[in-house]
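Structure file work-v6.txt (compact mmCIF, C-alpha atoms) is printed below.
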```txt
# COMPACT_ATOMS: atom_id res chain seq x y z
CA MET A 1367 -51.28 56.29 -32.80
CA VAL A 1368 -48.44 55.10 -30.57
CA GLN A 1369 -49.33 55.16 -26.88
CA GLN A 1370 -46.98 57.36 -24.88
CA PRO A 1371 -45.35 55.87 -21.76
CA ALA A 1372 -46.83 56.93 -18.45
CA ARG A 1373 -45.08 59.76 -16.63
CA HIS A 1374 -43.95 59.21 -13.04
CA ARG A 1375 -42.81 61.70 -10.47
CA TRP A 1376 -39.17 61.79 -9.37
CA VAL A 1377 -38.42 60.81 -5.79
CA ILE A 1378 -35.85 62.59 -3.65
CA GLU A 1379 -33.47 60.44 -1.55
CA GLU A 1380 -34.56 57.16 -3.08
CA PRO A 1381 -32.26 54.48 -1.62
CA HIS A 1382 -30.25 52.27 -3.96
CA ILE A 1383 -31.38 48.64 -4.01
CA PRO A 1384 -28.10 46.70 -4.11
CA PHE A 1385 -29.24 43.77 -6.25
CA ASP A 1386 -28.78 43.23 -9.98
CA LEU A 1387 -31.61 42.91 -12.48
CA THR A 1388 -30.57 40.04 -14.77
CA VAL A 1389 -31.84 39.77 -18.33
CA VAL A 1390 -32.38 36.09 -19.18
CA TYR A 1391 -33.85 36.49 -22.68
CA GLU A 1392 -34.63 39.18 -25.24
CA ASN A 1393 -35.80 39.57 -28.81
CA GLU A 1394 -37.30 42.41 -30.83
CA ARG A 1395 -40.59 42.22 -28.90
CA ILE A 1396 -39.88 41.20 -25.29
CA ILE A 1397 -37.27 41.31 -22.53
CA VAL A 1398 -37.43 38.66 -19.80
CA VAL A 1399 -35.71 39.40 -16.49
CA ASP A 1400 -34.90 37.66 -13.24
CA LYS A 1401 -36.09 40.30 -10.76
CA PRO A 1402 -34.41 40.38 -7.34
CA HIS A 1403 -36.20 40.72 -4.03
CA PHE A 1404 -37.01 44.31 -2.93
CA LEU A 1405 -37.09 45.72 -6.48
CA ALA A 1406 -40.58 46.84 -7.53
CA THR A 1407 -41.74 45.94 -11.02
CA THR A 1408 -43.03 49.47 -11.75
CA PRO A 1409 -42.86 52.89 -10.04
CA ARG A 1410 -45.08 53.23 -7.00
CA GLY A 1411 -44.96 55.32 -3.85
CA MET A 1412 -41.39 56.36 -3.09
CA TRP A 1413 -39.87 54.03 -5.68
CA TYR A 1414 -39.11 55.32 -9.18
CA ARG A 1415 -35.58 54.84 -10.47
CA GLU A 1416 -35.09 51.75 -8.27
CA THR A 1417 -37.68 49.71 -10.14
CA ALA A 1418 -37.28 47.05 -12.80
CA LEU A 1419 -39.16 49.09 -15.40
CA VAL A 1420 -37.07 52.24 -15.07
CA ARG A 1421 -33.81 50.30 -14.86
CA LEU A 1422 -34.68 48.60 -18.16
CA ARG A 1423 -35.77 51.82 -19.87
CA GLU A 1424 -32.52 53.49 -18.85
CA ARG A 1425 -30.38 50.47 -19.74
CA TYR A 1426 -31.81 50.12 -23.25
CA GLY A 1427 -32.78 53.75 -23.90
CA GLU A 1428 -36.29 52.57 -24.81
CA PRO A 1429 -39.02 54.60 -23.09
CA ASN A 1430 -41.84 52.40 -24.45
CA ILE A 1431 -40.85 49.27 -22.49
CA THR A 1432 -43.90 48.11 -20.51
CA PRO A 1433 -44.49 45.13 -18.17
CA ALA A 1434 -46.69 42.31 -19.48
CA HIS A 1435 -47.49 41.42 -15.84
CA ARG A 1436 -46.16 42.23 -12.37
CA LEU A 1437 -44.58 40.68 -9.30
CA ASP A 1438 -44.93 42.23 -5.85
CA ARG A 1439 -41.87 44.19 -4.73
CA PRO A 1440 -40.89 41.57 -2.08
CA THR A 1441 -41.19 38.66 -4.55
CA ALA A 1442 -38.27 37.69 -6.76
CA GLY A 1443 -38.26 35.86 -10.08
CA ILE A 1444 -39.22 35.89 -13.73
CA VAL A 1445 -40.99 38.93 -15.22
CA VAL A 1446 -41.76 39.64 -18.89
CA PHE A 1447 -41.51 43.17 -20.34
CA VAL A 1448 -42.71 44.20 -23.78
CA ARG A 1449 -40.49 46.54 -25.79
CA ASP A 1450 -42.59 46.73 -29.00
CA PRO A 1451 -45.76 48.82 -28.43
CA ALA A 1452 -47.53 46.93 -31.22
CA ALA A 1453 -47.00 43.64 -29.35
CA ARG A 1454 -48.00 44.92 -25.91
CA GLY A 1455 -51.64 43.78 -25.97
CA ALA A 1456 -50.89 40.25 -27.17
CA TYR A 1457 -48.44 39.53 -24.35
CA GLN A 1458 -50.56 41.19 -21.67
CA MET A 1459 -53.54 39.08 -22.73
CA LEU A 1460 -51.50 35.91 -22.16
CA PHE A 1461 -51.48 36.77 -18.46
CA GLN A 1462 -54.97 38.22 -18.24
CA GLU A 1463 -56.44 35.09 -19.84
CA HIS A 1464 -54.27 32.72 -17.74
CA ARG A 1465 -52.55 31.24 -20.80
CA THR A 1466 -49.24 30.98 -18.97
CA ARG A 1467 -47.87 28.29 -16.65
CA LYS A 1468 -46.37 29.71 -13.47
CA CYS A 1469 -44.47 27.87 -10.76
CA TYR A 1470 -43.31 29.53 -7.54
CA GLU A 1471 -41.13 28.22 -4.73
CA CYS A 1472 -41.13 29.39 -1.13
CA LEU A 1473 -39.77 28.53 2.29
CA ALA A 1474 -42.23 28.01 5.13
CA PRO A 1475 -42.47 25.98 8.36
CA ILE A 1476 -43.26 22.28 8.36
CA HIS A 1477 -45.88 21.38 10.95
CA PRO A 1478 -49.54 20.26 11.10
CA LEU A 1479 -51.84 22.41 9.01
CA ALA A 1480 -54.17 24.95 10.55
CA MET A 1481 -57.84 24.88 9.55
CA PRO A 1482 -58.64 27.98 7.49
CA ARG A 1483 -61.62 30.01 8.66
CA THR A 1484 -63.12 30.14 5.17
CA GLY A 1485 -62.69 28.46 1.81
CA THR A 1486 -61.62 24.87 1.24
CA VAL A 1487 -58.56 22.62 1.38
CA VAL A 1488 -58.66 19.58 -0.91
CA HIS A 1489 -56.00 16.89 -0.53
CA GLY A 1490 -54.96 15.17 -3.73
CA SER A 1491 -54.22 11.71 -2.36
CA PRO A 1492 -55.83 11.18 1.08
CA PRO A 1493 -54.65 10.32 3.67
CA ARG A 1494 -51.50 12.06 2.37
CA ILE A 1495 -51.43 15.76 3.18
CA TRP A 1496 -49.54 16.77 0.02
CA PRO A 1497 -50.28 17.82 -2.62
CA LEU A 1498 -53.28 19.96 -1.80
CA VAL A 1499 -55.37 22.69 -3.41
CA ARG A 1500 -56.35 25.78 -1.43
CA ARG A 1501 -59.41 27.70 -2.63
CA SER A 1502 -60.91 30.85 -1.12
CA HIS A 1503 -62.31 34.30 -1.82
CA ILE A 1504 -59.60 36.97 -1.47
CA ARG A 1505 -60.43 40.66 -1.23
CA LYS A 1506 -57.80 43.40 -1.48
CA THR A 1507 -59.13 46.84 -0.54
CA ARG A 1508 -57.41 49.87 -2.03
CA GLY A 1509 -55.40 51.68 0.65
CA VAL A 1510 -55.31 48.64 2.97
CA LEU A 1511 -51.94 46.89 3.12
CA CYS A 1512 -53.12 43.31 3.63
CA ALA A 1513 -55.54 41.21 1.61
CA GLN A 1514 -58.32 39.34 3.40
CA GLU A 1515 -60.04 36.00 2.96
CA ILE A 1516 -63.78 36.38 3.34
CA PRO A 1517 -66.80 34.13 2.72
CA GLY A 1518 -67.89 34.24 -0.91
CA ARG A 1519 -67.50 32.75 -4.35
CA VAL A 1520 -64.03 31.27 -4.85
CA ASN A 1521 -61.78 33.65 -6.80
CA ALA A 1522 -58.34 32.37 -5.73
CA GLU A 1523 -56.91 28.88 -6.18
CA THR A 1524 -53.41 27.54 -5.49
CA ALA A 1525 -51.99 24.03 -5.75
CA ILE A 1526 -49.32 23.42 -3.09
CA GLU A 1527 -46.72 20.68 -2.73
CA LEU A 1528 -44.06 20.15 -0.06
CA GLU A 1529 -40.88 19.35 -1.99
CA ALA A 1530 -38.12 18.96 0.58
CA LEU A 1531 -36.68 19.90 3.93
CA HIS A 1532 -34.33 22.89 3.79
CA ALA A 1533 -31.67 21.70 6.24
CA ARG A 1534 -29.69 24.96 6.41
CA MET A 1535 -32.72 27.15 7.12
CA SER A 1536 -34.09 24.60 9.57
CA ALA A 1537 -30.88 24.75 11.59
CA ARG A 1538 -30.79 28.56 11.48
CA MET A 1539 -34.41 29.04 12.59
CA GLY A 1540 -34.58 26.20 15.10
CA MET A 1541 -37.61 24.61 13.45
CA PRO A 1542 -38.22 22.47 10.35
CA ILE A 1543 -38.40 24.65 7.23
CA GLY A 1544 -39.68 23.21 3.97
CA VAL A 1545 -39.32 24.09 0.31
CA TYR A 1546 -42.83 24.38 -1.10
CA ARG A 1547 -43.88 24.39 -4.74
CA LEU A 1548 -46.81 26.71 -5.48
CA LEU A 1549 -48.90 26.60 -8.65
CA PRO A 1550 -51.35 29.53 -8.76
CA ARG A 1551 -54.38 28.94 -10.94
CA THR A 1552 -55.55 32.52 -10.44
CA GLY A 1553 -53.70 35.78 -9.81
CA LYS A 1554 -55.17 37.70 -6.89
CA THR A 1555 -53.03 40.23 -5.00
CA HIS A 1556 -50.88 38.52 -2.32
CA GLN A 1557 -52.61 35.21 -3.16
CA LEU A 1558 -49.69 32.89 -2.38
CA ARG A 1559 -48.81 34.68 0.85
CA VAL A 1560 -52.43 34.69 2.00
CA HIS A 1561 -53.00 31.02 1.15
CA MET A 1562 -49.85 29.82 2.88
CA ASN A 1563 -50.63 31.90 5.95
CA SER A 1564 -54.21 30.57 6.08
CA LEU A 1565 -52.76 27.06 6.42
CA GLY A 1566 -50.64 28.18 9.37
CA LEU A 1567 -47.52 28.14 7.18
CA PRO A 1568 -46.53 31.81 6.72
CA ILE A 1569 -43.70 32.29 4.23
CA VAL A 1570 -40.34 33.01 5.84
CA GLY A 1571 -39.56 36.72 5.76
CA ASP A 1572 -43.17 37.82 5.22
CA ASP A 1573 -43.70 41.19 6.91
CA PHE A 1574 -47.48 41.30 6.23
CA TYR A 1575 -48.78 37.84 7.14
CA PRO A 1576 -49.71 36.78 9.76
CA ARG A 1577 -49.08 40.33 11.08
CA ILE A 1578 -47.59 43.56 9.81
CA GLU A 1579 -43.98 44.07 10.91
CA GLU A 1580 -42.44 47.53 10.69
CA ARG A 1581 -39.12 47.52 8.82
CA ALA A 1582 -36.94 50.34 7.55
CA TYR A 1583 -37.40 50.97 3.82
CA ASP A 1584 -33.67 50.41 3.29
CA ASP A 1585 -33.48 47.18 5.33
CA PHE A 1586 -32.67 44.44 2.84
CA SER A 1587 -31.67 41.83 5.44
CA GLN A 1588 -34.86 39.73 5.50
CA PRO A 1589 -36.08 38.96 1.97
CA LEU A 1590 -39.43 37.30 1.52
CA GLN A 1591 -38.56 33.69 0.72
CA LEU A 1592 -40.77 33.53 -2.36
CA VAL A 1593 -39.52 33.22 -5.95
CA ALA A 1594 -41.40 33.03 -9.25
CA ARG A 1595 -39.28 30.05 -10.23
CA SER A 1596 -40.50 29.35 -13.77
CA LEU A 1597 -42.79 30.79 -16.41
CA ALA A 1598 -43.89 29.11 -19.65
CA PHE A 1599 -46.14 30.17 -22.51
CA THR A 1600 -46.58 29.91 -26.26
CA ASP A 1601 -45.30 33.02 -28.02
CA PRO A 1602 -48.35 34.73 -29.57
CA PHE A 1603 -46.35 35.83 -32.65
CA THR A 1604 -44.12 32.87 -33.47
CA GLY A 1605 -46.06 30.01 -31.89
CA ASP A 1606 -42.84 28.83 -30.23
CA PRO A 1607 -43.03 27.36 -26.72
CA LEU A 1608 -40.99 29.51 -24.33
CA GLU A 1609 -39.95 28.68 -20.78
CA PHE A 1610 -37.79 30.68 -18.40
CA SER A 1611 -36.37 29.84 -14.96
CA SER A 1612 -35.13 32.00 -12.11
CA LYS A 1613 -31.69 31.33 -10.64
CA ILE A 1614 -32.37 33.27 -7.43
CA GLU A 1615 -31.73 31.05 -4.44
CA LEU A 1616 -33.93 30.67 -1.41
CA GLY A 1617 -32.59 30.77 2.10
CA ILE A 1618 -29.56 33.04 1.61
```

Kindly present the structure from the file in structure tokens form.
Amino acid sequence: MVQQPARHRWVIEEPHIPFDLTVVYENERIIVVDKPHFLATTPRGMWYRETALVRLRERYGEPNITPAHRLDRPTAGIVVFVRDPAARGAYQMLFQEHRTRKCYECLAPIHPLAMPRTGTVVHGSPPRIWPLVRRSHIRKTRGVLCAQEIPGRVNAETAIELEALHARMSARMGMPIGVYRLLPRTGKTHQLRVHMNSLGLPIVGDDFYPRIEERAYDDFSQPLQLVARSLAFTDPFTGDPLEFSSKIELGI
């Protein structure tokens, strides 16, 4: 029996998010998009029509389109949607079983690292600081906006590399701003934001870490400077290697 798509309530006075959702690849089973900042992957809270899922369903007239995975609303970059219900499980399992290769990029300050209160920081080539691997236990409580790092068995791991100085952002912010490459080896909620903040390097534009900042829901002036830059996996049906890259720029 074909699974029916979930029903979502309509939202009154939902603001338009003035950024395009770009399709970078499609075939009979999947649609791969370059999601902009501020656009949620799926309906949640006040957001319904202004989500990537509903935009795609309306664009293609295909109510069975379903995400294979998700990005947080503030995060931009590559997301895979499944259009064939019979293929849904195979693509979702790629992400659940960590059989994909993800690379993110972000902008964050450049200065001496803070010592996290819990977890570990392992440097790849001492005495060089970069690259490093940050490991910790992250807990996200339902109904609480921010995730927390607490003592416990490691469930979150991120490899981090400082790639370059971002001269334009450095001049604008009056402090050195770097382009960081982030390779998550797990997929906990807010993992990259939490790990960067724990090192004393909060991502530019982050309104949750290190502290919650109140912003109007229709304020699109300060995007989180975090992009899911590339995604690679072996197609579970054809066996072909697939790789997709986001063209969304940081620092604009």

request  = Determine, counting only C-alpha atoms, which protein, DNA and RNA residues have an atom within 9 Å of an atom of Pro1381 of chain A; residues of the same chain fewer than 4 positions away are not included. Present the result as an NGL selection string.
outcome  = :A and (1413 or 1416 or 1583-1584)

Wanna dump the segment 1552-1614 of chain A-segment 1399-1408 of chain A contacts at 10 Å for me, each residue with its shortest atom pair and the distance in Å to one decimal, counting all atoms listed in the file, ordered by chain and number, as a Markdown table?
```
| residue | atom | partner | partner_atom | distance |
| --- | --- | --- | --- | --- |
| A:Tyr1583 | CA | A:Phe1404 | CA | 9.5 |
| A:Asp1584 | CA | A:Phe1404 | CA | 9.3 |
| A:Asp1585 | CA | A:Phe1404 | CA | 9.4 |
| A:Phe1586 | CA | A:Phe1404 | CA | 7.2 |
| A:Gln1588 | CA | A:His1403 | CA | 9.7 |
| A:Pro1589 | CA | A:His1403 | CA | 6.3 |
| A:Leu1590 | CA | A:His1403 | CA | 7.3 |
| A:Gln1591 | CA | A:His1403 | CA | 8.8 |
| A:Leu1592 | CA | A:His1403 | CA | 8.7 |
| A:Val1593 | CA | A:His1403 | CA | 8.4 |
| A:Ala1594 | CA | A:Asp1400 | CA | 8.9 |
| A:Arg1595 | CA | A:Asp1400 | CA | 9.3 |
| A:Phe1610 | CA | A:Asp1400 | CA | 9.1 |
| A:Ser1611 | CA | A:Asp1400 | CA | 8.1 |
| A:Ser1612 | CA | A:Asp1400 | CA | 5.8 |
| A:Lys1613 | CA | A:Asp1400 | CA | 7.6 |
| A:Ile1614 | CA | A:Pro1402 | CA | 7.4 |
```

File dump, residues just selected, C-alpha atoms, as a PDB file, in the coordinates of the input:
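selection35.pdb, freshly written:
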```pdb
ATOM      1  CA  TYR A1583     -37.400  50.970   3.820  1.00  0.00           C
ATOM      2  CA  ASP A1584     -33.670  50.410   3.290  1.00  0.00           C
ATOM      3  CA  ASP A1585     -33.480  47.180   5.330  1.00  0.00           C
ATOM      4  CA  PHE A1586     -32.670  44.440   2.840  1.00  0.00           C
ATOM      5  CA  GLN A1588     -34.860  39.730   5.500  1.00  0.00           C
ATOM      6  CA  PRO A1589     -36.080  38.960   1.970  1.00  0.00           C
ATOM      7  CA  LEU A1590     -39.430  37.300   1.520  1.00  0.00           C
ATOM      8  CA  GLN A1591     -38.560  33.690   0.720  1.00  0.00           C
ATOM      9  CA  LEU A1592     -40.770  33.530  -2.360  1.00  0.00           C
ATOM     10  CA  VAL A1593     -39.520  33.220  -5.950  1.00  0.00           C
ATOM     11  CA  ALA A1594     -41.400  33.030  -9.250  1.00  0.00           C
ATOM     12  CA  ARG A1595     -39.280  30.050 -10.230  1.00  0.00           C
ATOM     13  CA  PHE A1610     -37.790  30.680 -18.400  1.00  0.00           C
ATOM     14  CA  SER A1611     -36.370  29.840 -14.960  1.00  0.00           C
ATOM     15  CA  SER A1612     -35.130  32.000 -12.110  1.00  0.00           C
ATOM     16  CA  LYS A1613     -31.690  31.330 -10.640  1.00  0.00           C
ATOM     17  CA  ILE A1614     -32.370  33.270  -7.430  1.00  0.00           C
TER      18      ILE A1614
END
```

message = Could you check the closest approach to Ile1578 of chain A for each of A:Ala1453, A:Ala1480, A:Leu1565, A:Leu1511 and tell me which residue wins, using only C-alpha atoms?
response =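 With only C-alpha atoms as the atom set, the closest residue is A:Leu1511.
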
ask   = Which residue, A:Ala1513, A:Cys1469, A:Ile1396, A:Ala1474, has the smallest gap to Asp1450 of chain A when you use all atoms listed in the file?
value =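 The answer is A:Ile1396, which sits nearest to Asp1450 of chain A.
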
Proximity to Asn1430 of chain A - best of A:Gly1544, A:Gly1490, A:Pro1451, A:Gly1571, only C-alpha atoms =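 For Asn1430 of chain A, the nearest of the candidates is A:Pro1451.
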
inquiry  = Using Å and a single decimal, report how far atom CA of Glu1609 of chain A sits from atom CA of Glu1392 of chain A.
reply    =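 Separation of atom CA of Glu1392 of chain A and atom CA of Glu1609 of chain A: 12.6 Å.
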
request  = Point out the residue among A:Ile1516, A:Val1510, A:Ile1495, A:Leu1473 with the least atom-to-atom distance to Val1545 of chain A, counting all atoms listed in the file.
outcome  =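 Of all the options, A:Leu1473 lies closest to Val1545 of chain A.
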
inquiry  = Need the shell around Pro1482 of chain A: protein/DNA/RNA residues with any atom at most 8 Å away, counting all atoms listed in the file. Skip same-chain ones fewer than 3 positions apart. Format as a PyMOL selection string?
reply    = chain A and resi 1485-1486+1564-1565

query = By how many Å are atom CA of Leu1528 of chain A and atom CA of Phe1574 of chain A apart?
reply = 22.3 Å

message = Between A:Arg1395, A:His1561, A:His1556, A:Arg1467, which residue has the minimum interatomic distance to Arg1454 of chain A, considering all atoms listed in the file?
response =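 Looking at the shortest contact to Arg1454 of chain A, the residue is A:Arg1395.
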
key: Selection: 10 Å around Met1541 of chain A, only C-alpha atoms, excl. self and same-chain fewer than 4 positions, as a ChimeraX atom specification   = /A:1475-1477,1533,1535-1537

message = Restricting the calculation to only C-alpha atoms: of A:Asp1572, A:Glu1463, A:Asp1601, A:Glu1515, which residue gets closest to Gln1557 of chain A?
response =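 Closest residue, counting only C-alpha atoms: A:Glu1515.
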
key: Between atom CA of Phe1603 of chain A and atom CA of Arg1436 of chain A, distance in Å (one decimal)   =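 Interatomic distance, atom CA of Phe1603 of chain A to atom CA of Arg1436 of chain A: 21.3 Å.
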
inquiry  = Which residues are near segment 1456-1458 of chain A? Cut-off 7 Å, all atoms listed in the file, ignore same chain within fewer than 4 positions. Put them as a list in words.
reply    = Ala1434, His1435, Gln1462 and Pro1602 of chain A

Just C-alpha atoms for this one: save the residues we selected as a CSV table (one decimal), in the frame of the given file.
```csv
chain,number,residue,atom,x,y,z
A,1434,ALA,CA,-46.7,42.3,-19.5
A,1435,HIS,CA,-47.5,41.4,-15.8
A,1462,GLN,CA,-55.0,38.2,-18.2
A,1602,PRO,CA,-48.4,34.7,-29.6
```
